[in-house]
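Enquirer: Would you mind keeping the following structure in view while I ask a few things?
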Amino acid sequence: PSPRGTSDPCLGGARPVRTHVGCAAPCLSKLGGRRRPLSEGMKDLDQEGDCARLHRHFAVGHASFVLLVFLPPLALTISLASGPDVAFFAGTKLLVALVAVFAALALPVMHACFRPTQRFLLTSVWAPAAVFAFVAIMYRRRINYAIQTLPGPECYDTPEKKGLDMAYNAANELYSHCQGADAHPLGKGVVDQVASVKECTRYQEIEREYGRELRYLETLEQRLPCAGICYGHRRLFVHPGVQAPACGPIVAAGIRVPAKFFTAILAYSVVVMLLLIPAQYLVLTPLVVRYNDALLNKPMHVP
């Protein structure tokens with residue numbers, strides 16, 4: 001007899017029934033060696049196809065939700081951290097932590113390997129939200145420290161300002177020699193007019209020692225009407241020789257915008273983590289229970 005009192009498809013009955021072993025399991029023959037009718041096998045295949053579509057739709061919905069929630073802050077974080085000012089004063093090593101976010105974005109692919117559990121779904125949201133909060137906190141801290149120290153005239157209160165000031169002084173001294181007659185290869189009495197300090201013959205020597213600082217000073221002159229970092233000086237890379245104010249206060253005012261964006265990313269991450277608490281009981285638990293019930297054809301109770 002069948003489990004529910006109806007005719008069993010495995011015994012050649014007129015009407016198939018859903019078994020309790022799951023919708024992906026085939027109907028086994030209860031008569032040794034007896035071959036099942038082709039029509040009943042097709043009905044089992046249809047049932048398996050329904051379960052496969054349900055599994056696929058659940059995976060697509062999970063992937064869409066994770067991408068919708070975390071792809072915008074991921075792009076914004078990478079864009080902010082890649083800016084020349086933020087990258088120099090706050091660094092880019094913190095972006096390594098975003099590998100966890102990329103891994104979380106790929107978690108929906110794991111649906112093809114096993115049936116997702118409630119803990120798995122929560123982790124796919126909790127983990128990237130926590131990483132975003134950590135990265136935002138660290139960047140805010142470093143940027144705010146730079147905002148406080150850059151406007152002052154002290155050049156040796158932070159390693160970044162000290163390195164920039166030493167690099168500028170070395171390049172400025174080289175530019176002075178490069179403009180002098182005694183530095184020209186044709187001899188005395190000839191003045192070498194250069195379009196940038198990079199055209200000076202000994203520039204590679206100081207670049208080996210202050211390469212990172214010199215590249216940043218060059219980008220400052222390309223983007224801002226300033227020179228040096230602590231005091232006003234003449235420009236060396238773009239329109240050399242023109243007097244300009246110090247870049248420190250201008251940079252400090254400019255990086256306030258990335259600091260505000262990182263504050264917004266931190267707030268966004270905290271809100272996502274807080275919303276997961278009620279969503280776990282109101283949405284996620286019933287959803288997983290119904291999904292398991294439909295996929296396995298097993299009644300499961302909400303804890």
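All residue names refer to the structure tokens as shown: chains lettered A, B, ... in order, residues numbered from 1 in each chain, ligands numbered from 1 in order.
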Fewer than 2 positions away in the same chain doesn't count, so skip those; otherwise give me all residues within 12 Å of stretch 204-209 of chain A, counting only C-alpha atoms, as a list in words.

Expert: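 Skipping anything fewer than 2 positions along the chain leaves Gly163, Leu164, Met166, Ala167, Tyr168, Asn169, Ala170, Ala171, Asn172, Glu173, Leu174, Tyr175, Val197, Lys198, Glu199, Cys200, Thr201, Arg202, Gly211, Arg212, Glu213, Leu214, Arg215, Tyr216, Leu217 and Glu218 of chain A.
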
Enquirer: Just want the 12 Å neighbourhood of A:Arg142, counted on only C-alpha atoms, with same-chain residues fewer than 6 positions away dropped. Output as an MDAnalysis selection string.

Expert: chainID A and resid 81 85:92 94 135:136 148:149 158 160 255:256 258:259 262

Enquirer: Just how far from atom CA of A:Val251 is atom CA of A:Pro84, in Å to one decimal?

Expert: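 Result for atom CA of A:Pro84 versus atom CA of A:Val251: 10.4 Å, one decimal.
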
Enquirer: Which of these, A:Ala146, A:Leu80, A:Ala103, A:Leu224, has the shortest distance to A:Thr263 once you count only C-alpha atoms?

Expert: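 Among the listed residues, A:Leu80 lies closest to A:Thr263.
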
Enquirer: Can you pull out the residues contacting A:Pro151? Cut-off 8 Å, using only C-alpha atoms, and skip same-chain residues under 4 positions away; I want them as JSON, numbers by chain.

Expert: {"A": [147, 230, 248, 249, 250, 252]}

Enquirer: Output C-alpha atoms for every residue in that selection, as a compact mmCIF listing (two decimals), in the first residue's frame.

Expert:
```
# COMPACT_ATOMS: atom_id res chain seq x y z
CA ILE A 147 42.91 66.64 8.33
CA CYS A 230 54.25 72.82 4.76
CA GLY A 248 48.81 71.03 3.09
CA PRO A 249 45.76 73.19 3.93
CA ILE A 250 44.25 72.65 0.46
CA ALA A 252 43.13 68.90 4.24
```
